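Q: Next comes data.cif, mmCIF, C-alpha atoms:
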data_data
#
loop_
_atom_site.label_atom_id
_atom_site.label_comp_id
_atom_site.auth_asym_id
_atom_site.auth_seq_id
_atom_site.Cartn_x
_atom_site.Cartn_y
_atom_site.Cartn_z
CA MET C 1 -16.04 0.76 -24.48
CA SER C 2 -18.14 3.94 -24.41
CA LEU C 3 -17.37 7.22 -26.12
CA GLN C 4 -16.47 10.15 -23.88
CA PRO C 5 -16.93 13.83 -24.79
CA PHE C 6 -13.95 16.02 -25.63
CA GLN C 7 -13.34 19.46 -27.04
CA MET C 8 -10.44 21.22 -28.73
CA ASP C 9 -9.81 24.53 -30.44
CA ILE C 10 -8.57 24.67 -34.02
CA ALA C 11 -7.74 28.13 -35.39
CA GLY C 12 -9.82 29.61 -32.58
CA ALA C 13 -12.92 27.55 -33.40
CA ARG C 14 -14.46 24.89 -31.13
CA VAL C 15 -14.31 21.30 -32.35
CA ALA C 16 -16.32 18.88 -30.21
CA GLY C 17 -16.56 15.13 -30.36
CA LEU C 18 -16.57 11.78 -28.64
CA ARG C 19 -13.60 9.50 -28.07
CA SER C 20 -12.92 5.98 -26.82
CA GLY C 21 -9.97 3.66 -26.84
CA ARG C 22 -6.46 3.47 -25.55
CA ALA C 23 -3.11 5.00 -26.36
CA GLY C 24 -1.21 3.06 -29.00
CA ALA C 25 -4.35 1.49 -30.49
CA THR C 26 -5.33 1.77 -34.15
CA ARG C 27 -6.21 5.41 -34.78
CA VAL C 28 -9.60 5.93 -36.41
CA LEU C 29 -11.14 9.33 -37.12
CA ALA C 30 -14.89 9.02 -37.72
CA LEU C 31 -16.98 11.47 -39.77
CA HIS C 32 -20.77 11.50 -39.55
CA GLY C 33 -23.39 12.21 -42.19
CA TRP C 34 -25.21 15.41 -43.17
CA LEU C 35 -27.15 16.93 -40.25
CA ASP C 36 -26.00 14.07 -37.98
CA ASN C 37 -23.27 14.35 -35.34
CA ALA C 38 -20.67 12.31 -33.45
CA SER C 39 -23.40 10.28 -31.71
CA SER C 40 -23.78 8.48 -35.05
CA PHE C 41 -20.93 6.22 -33.88
CA VAL C 42 -22.09 5.60 -30.30
CA PRO C 43 -23.71 2.21 -31.11
CA LEU C 44 -20.55 1.01 -32.91
CA ALA C 45 -18.04 1.98 -30.22
CA PRO C 46 -18.60 -0.92 -27.78
CA HIS C 47 -17.94 -3.35 -30.63
CA LEU C 48 -14.65 -1.68 -31.59
CA PRO C 49 -12.69 -2.04 -28.33
CA ASP C 50 -9.25 -2.23 -29.91
CA LEU C 51 -9.38 1.19 -31.56
CA ASP C 52 -8.52 4.71 -30.57
CA LEU C 53 -11.80 5.98 -31.99
CA VAL C 54 -12.35 9.73 -32.34
CA ALA C 55 -15.75 10.83 -33.68
CA ILE C 56 -15.99 14.56 -34.30
CA ASP C 57 -18.91 16.89 -34.86
CA LEU C 58 -18.11 18.41 -38.24
CA PRO C 59 -18.29 22.23 -38.44
CA GLY C 60 -21.83 23.49 -38.06
CA HIS C 61 -23.03 20.19 -36.56
CA GLY C 62 -23.57 18.97 -33.01
CA HIS C 63 -21.51 20.84 -30.42
CA SER C 64 -18.87 22.15 -32.85
CA ALA C 65 -18.74 25.81 -33.86
CA HIS C 66 -20.49 27.15 -36.92
CA LEU C 67 -18.38 28.68 -39.66
CA PRO C 68 -18.08 32.47 -39.34
CA ALA C 69 -20.42 34.78 -41.22
CA GLY C 70 -19.62 34.90 -44.90
CA ALA C 71 -17.87 31.52 -44.92
CA VAL C 72 -19.21 28.66 -47.03
CA TYR C 73 -19.43 24.94 -46.27
CA THR C 74 -17.50 23.23 -49.08
CA THR C 75 -15.88 19.85 -49.59
CA PRO C 76 -12.33 21.28 -49.89
CA ALA C 77 -12.84 23.13 -46.60
CA ALA C 78 -14.08 19.90 -44.98
CA ILE C 79 -11.02 17.99 -46.20
CA THR C 80 -8.73 20.68 -44.79
CA HIS C 81 -10.61 20.55 -41.50
CA VAL C 82 -10.17 16.77 -41.23
CA LEU C 83 -6.41 17.11 -41.68
CA ASP C 84 -6.33 19.98 -39.15
CA VAL C 85 -8.09 17.74 -36.62
CA ALA C 86 -5.52 15.00 -37.24
CA ASP C 87 -2.75 17.56 -36.67
CA ALA C 88 -4.36 18.63 -33.38
CA LEU C 89 -4.57 14.98 -32.29
CA GLY C 90 -0.89 14.52 -33.13
CA TRP C 91 -1.72 11.85 -35.72
CA ASP C 92 0.54 11.60 -38.74
CA ARG C 93 -1.04 8.41 -40.16
CA PHE C 94 -4.56 7.23 -39.34
CA THR C 95 -7.67 5.43 -40.60
CA LEU C 96 -10.67 7.42 -41.78
CA MET C 97 -14.19 6.10 -41.29
CA GLY C 98 -17.22 7.95 -42.60
CA HIS C 99 -20.95 7.56 -43.00
CA SER C 100 -22.90 9.12 -45.88
CA MET C 101 -21.62 12.71 -46.29
CA GLY C 102 -18.79 11.81 -43.93
CA ALA C 103 -17.86 8.88 -46.17
CA GLY C 104 -17.76 11.23 -49.14
CA ILE C 105 -15.45 13.61 -47.26
CA ALA C 106 -13.32 10.70 -46.02
CA SER C 107 -12.90 9.19 -49.47
CA LEU C 108 -11.93 12.51 -51.04
CA THR C 109 -9.50 13.17 -48.19
CA ALA C 110 -7.89 9.80 -48.91
CA ALA C 111 -7.64 10.80 -52.57
CA VAL C 112 -5.55 13.86 -51.82
CA SER C 113 -3.59 12.88 -48.69
CA ASP C 114 -1.21 9.96 -48.17
CA ARG C 115 -1.73 10.31 -44.41
CA VAL C 116 -4.84 8.13 -44.65
CA GLU C 117 -3.70 4.58 -43.88
CA ARG C 118 -7.05 2.88 -44.44
CA LEU C 119 -10.52 4.01 -45.47
CA ILE C 120 -13.91 2.74 -44.28
CA ALA C 121 -16.77 4.21 -46.32
CA ILE C 122 -20.32 3.50 -45.14
CA GLU C 123 -23.19 4.34 -47.52
CA ALA C 124 -21.17 6.60 -49.84
CA LEU C 125 -17.98 6.64 -51.88
CA GLY C 126 -16.70 9.78 -53.53
CA GLY C 127 -19.79 11.94 -52.97
CA LEU C 128 -22.92 12.64 -55.00
CA ARG C 129 -22.61 13.35 -58.71
CA GLY C 130 -24.00 16.43 -60.40
CA PRO C 131 -25.12 15.97 -64.03
CA GLU C 132 -23.50 18.66 -66.16
CA ASP C 133 -26.81 19.79 -67.66
CA GLU C 134 -28.07 20.68 -64.15
CA THR C 135 -25.15 23.00 -63.33
CA ALA C 136 -26.84 26.35 -64.02
CA ASP C 137 -30.09 25.39 -62.29
CA ARG C 138 -28.23 24.10 -59.24
CA LEU C 139 -26.12 27.25 -58.91
CA ARG C 140 -29.19 29.47 -59.36
CA GLU C 141 -31.05 27.54 -56.64
CA HIS C 142 -28.10 27.88 -54.26
CA VAL C 143 -27.78 31.63 -54.78
CA ASN C 144 -31.51 32.25 -54.32
CA ALA C 145 -31.68 30.09 -51.20
CA THR C 146 -28.64 31.80 -49.70
CA ARG C 147 -30.16 35.25 -50.17
CA ALA C 148 -33.46 34.12 -48.63
CA LEU C 149 -31.90 32.37 -45.64
CA ALA C 150 -31.67 35.45 -43.39
CA ARG C 151 -35.46 35.81 -43.43
CA LYS C 152 -36.12 32.31 -42.09
CA GLN C 153 -37.03 31.74 -38.44
CA LEU C 154 -35.79 28.68 -36.57
CA ARG C 155 -38.53 26.46 -35.20
CA VAL C 156 -38.71 25.91 -31.42
CA PHE C 157 -39.95 22.53 -30.11
CA PRO C 158 -41.56 22.35 -26.64
CA ASP C 159 -39.90 18.95 -26.05
CA LEU C 160 -37.85 16.34 -27.90
CA ALA C 161 -40.79 14.23 -29.06
CA ALA C 162 -41.32 16.07 -32.36
CA PRO C 163 -37.67 16.20 -33.51
CA ILE C 164 -37.19 12.54 -32.58
CA ARG C 165 -40.30 11.62 -34.53
CA ALA C 166 -39.08 13.68 -37.49
CA ARG C 167 -35.73 11.86 -37.58
CA MET C 168 -37.47 8.50 -37.30
CA MET C 169 -39.69 9.29 -40.27
CA THR C 170 -37.04 10.94 -42.44
CA ASN C 171 -34.35 8.29 -41.98
CA GLN C 172 -36.40 5.21 -40.99
CA LEU C 173 -34.55 5.17 -37.67
CA SER C 174 -35.54 3.38 -34.49
CA GLU C 175 -36.51 5.61 -31.57
CA ARG C 176 -33.27 4.71 -29.80
CA CYS C 177 -31.03 5.80 -32.66
CA ALA C 178 -33.07 8.89 -33.48
CA ARG C 179 -32.86 9.99 -29.86
CA LEU C 180 -29.05 9.65 -29.87
CA LEU C 181 -28.77 12.01 -32.83
CA VAL C 182 -31.42 14.45 -31.63
CA GLU C 183 -30.07 14.83 -28.10
CA ARG C 184 -26.72 15.97 -29.48
CA GLY C 185 -28.32 17.89 -32.33
CA VAL C 186 -30.50 20.33 -30.37
CA GLU C 187 -29.90 23.13 -27.90
CA PRO C 188 -32.19 24.45 -25.12
CA VAL C 189 -33.79 27.84 -25.78
CA GLU C 190 -36.66 29.79 -24.33
CA GLY C 191 -39.78 27.72 -24.88
CA GLY C 192 -38.04 24.42 -25.48
CA TYR C 193 -35.41 23.25 -27.98
CA ARG C 194 -34.19 24.08 -31.47
CA TRP C 195 -31.78 22.40 -33.85
CA CYS C 196 -28.24 23.59 -33.14
CA SER C 197 -26.92 22.77 -36.62
CA ASP C 198 -26.04 25.75 -38.79
CA PRO C 199 -29.04 26.65 -41.01
CA ARG C 200 -26.57 27.19 -43.87
CA LEU C 201 -26.11 23.42 -44.01
CA MET C 202 -29.62 23.22 -45.47
CA LEU C 203 -28.64 25.24 -48.52
CA PRO C 204 -28.57 23.32 -51.81
CA THR C 205 -25.05 22.47 -52.95
CA ALA C 206 -23.84 25.12 -55.39
CA ILE C 207 -21.75 22.89 -57.67
CA ARG C 208 -21.31 19.13 -57.67
CA LEU C 209 -18.58 17.01 -59.22
CA SER C 210 -19.32 15.15 -62.42
CA GLU C 211 -19.11 11.36 -62.50
CA GLY C 212 -15.85 11.60 -64.44
CA GLN C 213 -14.32 13.87 -61.79
CA ILE C 214 -15.40 11.47 -59.04
CA ASP C 215 -13.85 8.56 -60.97
CA ASN C 216 -10.56 10.46 -61.18
CA LEU C 217 -10.55 11.09 -57.43
CA LEU C 218 -11.36 7.47 -56.60
CA GLN C 219 -8.49 6.34 -58.81
CA ALA C 220 -6.18 8.48 -56.66
CA ILE C 221 -7.03 6.58 -53.43
CA ALA C 222 -3.99 4.42 -52.72
CA CYS C 223 -4.93 2.99 -49.32
CA PRO C 224 -6.95 -0.20 -48.70
CA THR C 225 -10.65 0.64 -48.70
CA GLN C 226 -13.65 -1.12 -47.15
CA VAL C 227 -17.01 -0.01 -48.53
CA ILE C 228 -20.22 -0.94 -46.70
CA TYR C 229 -23.64 -0.46 -48.32
CA ALA C 230 -27.18 -1.08 -47.17
CA THR C 231 -29.66 -2.63 -49.54
CA PRO C 232 -31.99 -1.47 -50.96
CA ALA C 233 -29.94 1.49 -52.18
CA GLN C 234 -30.96 5.09 -51.54
CA SER C 235 -32.75 6.74 -54.48
CA TYR C 236 -30.10 9.47 -54.75
CA TYR C 237 -27.26 6.91 -54.77
CA PRO C 238 -28.64 4.02 -56.84
CA GLU C 239 -27.34 0.77 -58.19
CA PRO C 240 -25.54 -0.20 -60.29
CA GLY C 241 -23.63 3.07 -60.22
CA ARG C 242 -22.71 3.04 -56.55
CA SER C 243 -21.13 -0.43 -56.71
CA GLN C 244 -19.44 0.27 -60.05
CA ARG C 245 -17.43 2.99 -58.37
CA LEU C 246 -15.37 0.33 -56.61
CA GLN C 247 -13.76 -0.61 -59.93
CA HIS C 248 -11.77 2.62 -59.70
CA LEU C 249 -10.19 1.73 -56.35
CA ARG C 250 -6.72 0.22 -56.31
CA ASP C 251 -7.50 -1.91 -53.24
CA GLY C 252 -11.21 -2.00 -52.50
CA ARG C 253 -13.72 -4.46 -51.10
CA LEU C 254 -17.49 -4.29 -50.67
CA SER C 255 -19.89 -5.63 -48.03
CA VAL C 256 -23.65 -5.27 -48.50
CA PHE C 257 -26.30 -5.86 -45.84
CA PRO C 258 -30.08 -5.56 -45.79
CA GLY C 259 -30.94 -2.48 -43.80
CA ASN C 260 -31.49 1.26 -43.87
CA HIS C 261 -29.17 4.20 -44.49
CA HIS C 262 -28.01 4.24 -40.85
CA LEU C 263 -27.21 0.53 -40.73
CA HIS C 264 -24.05 1.24 -38.68
CA MET C 265 -26.35 2.47 -35.90
CA GLU C 266 -29.14 -0.08 -36.26
CA GLN C 267 -26.87 -3.12 -36.86
CA PRO C 268 -23.67 -2.11 -35.06
CA GLN C 269 -22.43 -5.60 -34.19
CA GLN C 270 -22.68 -6.79 -37.79
CA ILE C 271 -20.97 -3.68 -39.19
CA ALA C 272 -18.29 -3.73 -36.49
CA ALA C 273 -17.41 -7.30 -37.44
CA VAL C 274 -16.62 -6.13 -40.98
CA ILE C 275 -14.59 -3.19 -39.66
CA ASN C 276 -12.60 -5.32 -37.23
CA ALA C 277 -11.85 -7.90 -39.91
CA PHE C 278 -10.74 -5.17 -42.32
CA LEU C 279 -8.46 -3.47 -39.84
CA GLY C 280 -7.10 -6.77 -38.59
CA GLY C 281 -4.14 -6.20 -36.32
CA SER C 282 -2.91 -3.06 -38.06
CA SER C 283 -2.03 -0.02 -36.04
CA ALA C 284 -1.32 3.51 -37.20
CA THR C 285 1.94 5.02 -36.15
CA GLY C 286 3.18 8.54 -36.49
#
Let me see the structure of the file written as structure tokens.
A:
Amino acid sequence: MSLQPFQMDIAGARVAGLRSGRAGATRVLALHGWLDNASSFVPLAPHLPDLDLVAIDLPGHGHSAHLPAGAVYTTPAAITHVLDVADALGWDRFTLMGHSMGAGIASLTAAVSDRVERLIAIEALGGLRGPEDETADRLREHVNATRALARKQLRVFPDLAAPIRARMMTNQLSERCARLLVERGVEPVEGGYRWCSDPRLMLPTAIRLSEGQIDNLLQAIACPTQVIYATPAQSYYPEPGRSQRLQHLRDGRLSVFPGNHHLHMEQPQQIAAVINAFLGGSSATG
């Protein structure tokens, strides 16, 4: 079953996404990774026919609106946004599925809301840690980058070849998967195309949680959780730390597959089999 575009307004701001499935099916809200968009879940959708799958473009990504001037992209704001989207869909209880940054947001949403019935976390769990002795340097870097942002000019590409090639090189993606993300991640302008993601998303994170804070949040997740990792691990999310995080879950399981960071796009049938087995015959009601 293919994903179809949709759009809604939340607090006067446009939220765009892709949706497939049928009424009464298991409700799954899917959250993509940093600088990706809802097309991240296009390869998976045909292998998840029994779901009501809603993949959104998070604020500042894809076809969704950017945050207003002066607003800041933060994890608490992202969690609130996820719950606002669920409200707009009329979903009281639902499953959250996320990839990378989206998995971090999904897992922290599950930590603070009992509306999350099940959690599927692909290539992240709880977000990236920030060593305490890097706090001042990180905050200084964020402030300096924020003040310099207004002087930066957005690059215009004459065609899609260069941005597709850039995504392939940065994320070790196939041309097919890179094209899916790029086509939803650019907008036509005079002279060609430019990225439509909010440039503020490129700012370094001001403050990150410590490992102890992440542990505390993971311990608060009450719902069944399926974690899916690619091996080898990403350098910024290494072993054994990433797998050790599962010991804090009340009901967690781990599946690991050889592949790259976007294994849900490159190996959708294999990843969908894990997701379908995890969800079983459950359905969200509310």
Q: Where does the PyMOL selection byres ((chain C and resi 7) around 7) land in this file, that is, which residues does it pick, as a PyMOL selection string?
A: chain C and resi 6+8+14-17
Q: Pick the closest to Ala273 (chain C) from C:Leu48, C:Ile120, C:Ala148, C:Phe41: which is it, counting all atoms listed in the file?
A: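 Closest residue, counting all atoms listed in the file: C:Leu48.
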Q: List every residue of region 162-235 of chain C that has an atom at most 12 Å from any atom of region 62-74 of chain C, and for each one report the closest atom pair and its distance in Å to one decimal, counting only C-alpha atoms, with rows sorted by chain and then by increasing residue number, as a Markdown table.
A:
| residue | atom | partner | partner_atom | distance |
| --- | --- | --- | --- | --- |
| C:Leu180 | CA | C:Gly62 | CA | 11.3 |
| C:Leu181 | CA | C:Gly62 | CA | 8.7 |
| C:Val182 | CA | C:Gly62 | CA | 9.2 |
| C:Glu183 | CA | C:Gly62 | CA | 9.1 |
| C:Arg184 | CA | C:Gly62 | CA | 5.6 |
| C:Gly185 | CA | C:Gly62 | CA | 4.9 |
| C:Val186 | CA | C:Gly62 | CA | 7.5 |
| C:Glu187 | CA | C:His63 | CA | 9.1 |
| C:Arg194 | CA | C:Gly62 | CA | 11.9 |
| C:Trp195 | CA | C:Gly62 | CA | 8.9 |
| C:Cys196 | CA | C:Gly62 | CA | 6.6 |
| C:Ser197 | CA | C:Gly62 | CA | 6.2 |
| C:Asp198 | CA | C:His66 | CA | 6.0 |
| C:Pro199 | CA | C:His66 | CA | 9.5 |
| C:Arg200 | CA | C:Tyr73 | CA | 7.9 |
| C:Leu201 | CA | C:Tyr73 | CA | 7.2 |
| C:Met202 | CA | C:Tyr73 | CA | 10.4 |
| C:Leu203 | CA | C:Tyr73 | CA | 9.5 |
| C:Pro204 | CA | C:Tyr73 | CA | 10.8 |
| C:Thr205 | CA | C:Thr74 | CA | 8.5 |
| C:Ala206 | CA | C:Thr74 | CA | 9.1 |
| C:Ile207 | CA | C:Thr74 | CA | 9.6 |
| C:Arg208 | CA | C:Thr74 | CA | 10.3 |
| C:Leu209 | CA | C:Thr74 | CA | 11.9 |
Q: Can you list, as number ranges by chain, the residues that the PyMOL selection byres ((chain C and resi 247) around 12) selects here?
A: C: 125, 215-216, 218-219, 221, 225, 227, 240-246, 248-254
Q: Using CA of Ser100 (chain C) and CA of Val116 (chain C) as the two end points, give the distance in Å to one decimal.
A: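 Computing it gives 18.1 Å between the two atoms.
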Q: Compute the distance from (-6.1, -0.4, -44.2) to each atom, counting all atoms listed in the file, keep the residues with any atom at most 8 Å away, and return them as a list in words; use the coordinates of the file.
A: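 Applying the cut-off with all atoms listed in the file, one gets Thr95, Glu117, Arg118, Leu119, Cys223, Pro224, Thr225, Phe278, Leu279 and Ser282 of chain C.
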Q: Near Ile79 (chain C), within 9 Å and counting all atoms listed in the file, which residues show up once chain neighbours fewer than 2 positions away are dropped, as a PDB file with C-alpha atoms, in the coordinates of the input?
A:
ATOM      1  CA  THR C  74     -17.500  23.230 -49.080  1.00  0.00           C
ATOM      2  CA  THR C  75     -15.880  19.850 -49.590  1.00  0.00           C
ATOM      3  CA  PRO C  76     -12.330  21.280 -49.890  1.00  0.00           C
ATOM      4  CA  ALA C  77     -12.840  23.130 -46.600  1.00  0.00           C
ATOM      5  CA  HIS C  81     -10.610  20.550 -41.500  1.00  0.00           C
ATOM      6  CA  VAL C  82     -10.170  16.770 -41.230  1.00  0.00           C
ATOM      7  CA  LEU C  83      -6.410  17.110 -41.680  1.00  0.00           C
ATOM      8  CA  ASP C  84      -6.330  19.980 -39.150  1.00  0.00           C
ATOM      9  CA  ILE C 105     -15.450  13.610 -47.260  1.00  0.00           C
ATOM     10  CA  ALA C 106     -13.320  10.700 -46.020  1.00  0.00           C
ATOM     11  CA  LEU C 108     -11.930  12.510 -51.040  1.00  0.00           C
ATOM     12  CA  THR C 109      -9.500  13.170 -48.190  1.00  0.00           C
ATOM     13  CA  VAL C 112      -5.550  13.860 -51.820  1.00  0.00           C
TER      14      VAL C 112
END
Q: Could you spell out the hits of the PyMOL selection byres ((chain C and resi 230) around 7) on the shown file, as an mmCIF file with C-alpha atoms, in the frame of the given file?
A:
data_model
loop_
_atom_site.group_PDB
_atom_site.id
_atom_site.type_symbol
_atom_site.label_atom_id
_atom_site.label_comp_id
_atom_site.auth_asym_id
_atom_site.auth_seq_id
_atom_site.Cartn_x
_atom_site.Cartn_y
_atom_site.Cartn_z
ATOM 1 C CA GLU C 123 -23.190 4.340 -47.520
ATOM 2 C CA ILE C 228 -20.220 -0.940 -46.700
ATOM 3 C CA TYR C 229 -23.640 -0.460 -48.320
ATOM 4 C CA THR C 231 -29.660 -2.630 -49.540
ATOM 5 C CA PRO C 232 -31.990 -1.470 -50.960
ATOM 6 C CA ALA C 233 -29.940 1.490 -52.180
ATOM 7 C CA VAL C 256 -23.650 -5.270 -48.500
ATOM 8 C CA PHE C 257 -26.300 -5.860 -45.840
ATOM 9 C CA PRO C 258 -30.080 -5.560 -45.790
ATOM 10 C CA GLY C 259 -30.940 -2.480 -43.800
ATOM 11 C CA ASN C 260 -31.490 1.260 -43.870
ATOM 12 C CA HIS C 261 -29.170 4.200 -44.490
ATOM 13 C CA LEU C 263 -27.210 0.530 -40.730
#
Q: I'd like the interatomic distance between CA of Met101 (chain C) and CA of Ala277 (chain C), to a tenth of an Å.
A: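 These two atoms are separated by 23.7 Å.
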Q: Suppose you want the space between CA of Ala55 (chain C) and CA of Leu31 (chain C); what is it in Å?
A: 6.2 Å
Q: Could you list, as a PDB file with C-alpha atoms, in the frame of the given file, every residue within 10 Å of Pro49 (chain C), counting all atoms listed in the file and ignoring same-chain residues fewer than 4 positions away?
A:
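part.pdb was written with the following content:
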ATOM      1  CA  MET C   1     -16.040   0.760 -24.480  1.00  0.00           C
ATOM      2  CA  SER C   2     -18.140   3.940 -24.410  1.00  0.00           C
ATOM      3  CA  SER C  20     -12.920   5.980 -26.820  1.00  0.00           C
ATOM      4  CA  GLY C  21      -9.970   3.660 -26.840  1.00  0.00           C
ATOM      5  CA  ARG C  22      -6.460   3.470 -25.550  1.00  0.00           C
ATOM      6  CA  ALA C  25      -4.350   1.490 -30.490  1.00  0.00           C
ATOM      7  CA  LEU C  44     -20.550   1.010 -32.910  1.00  0.00           C
ATOM      8  CA  ALA C  45     -18.040   1.980 -30.220  1.00  0.00           C
ATOM      9  CA  LEU C  53     -11.800   5.980 -31.990  1.00  0.00           C
ATOM     10  CA  ASN C 276     -12.600  -5.320 -37.230  1.00  0.00           C
TER      11      ASN C 276
END
Q: Given all atoms listed in the file as the basis, pick out the residue of C:Leu173, C:Asp52, C:Glu211, C:Ala30 nearest to Glu266 (chain C).
A: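 Closest candidate: C:Leu173.
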Q: Using all atoms listed in the file for the distances, tell me which of C:Pro59, C:Gly212, C:Pro46, C:Pro131 is nearest to Ile10 (chain C).
A: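 Closest residue, counting all atoms listed in the file: C:Pro59.
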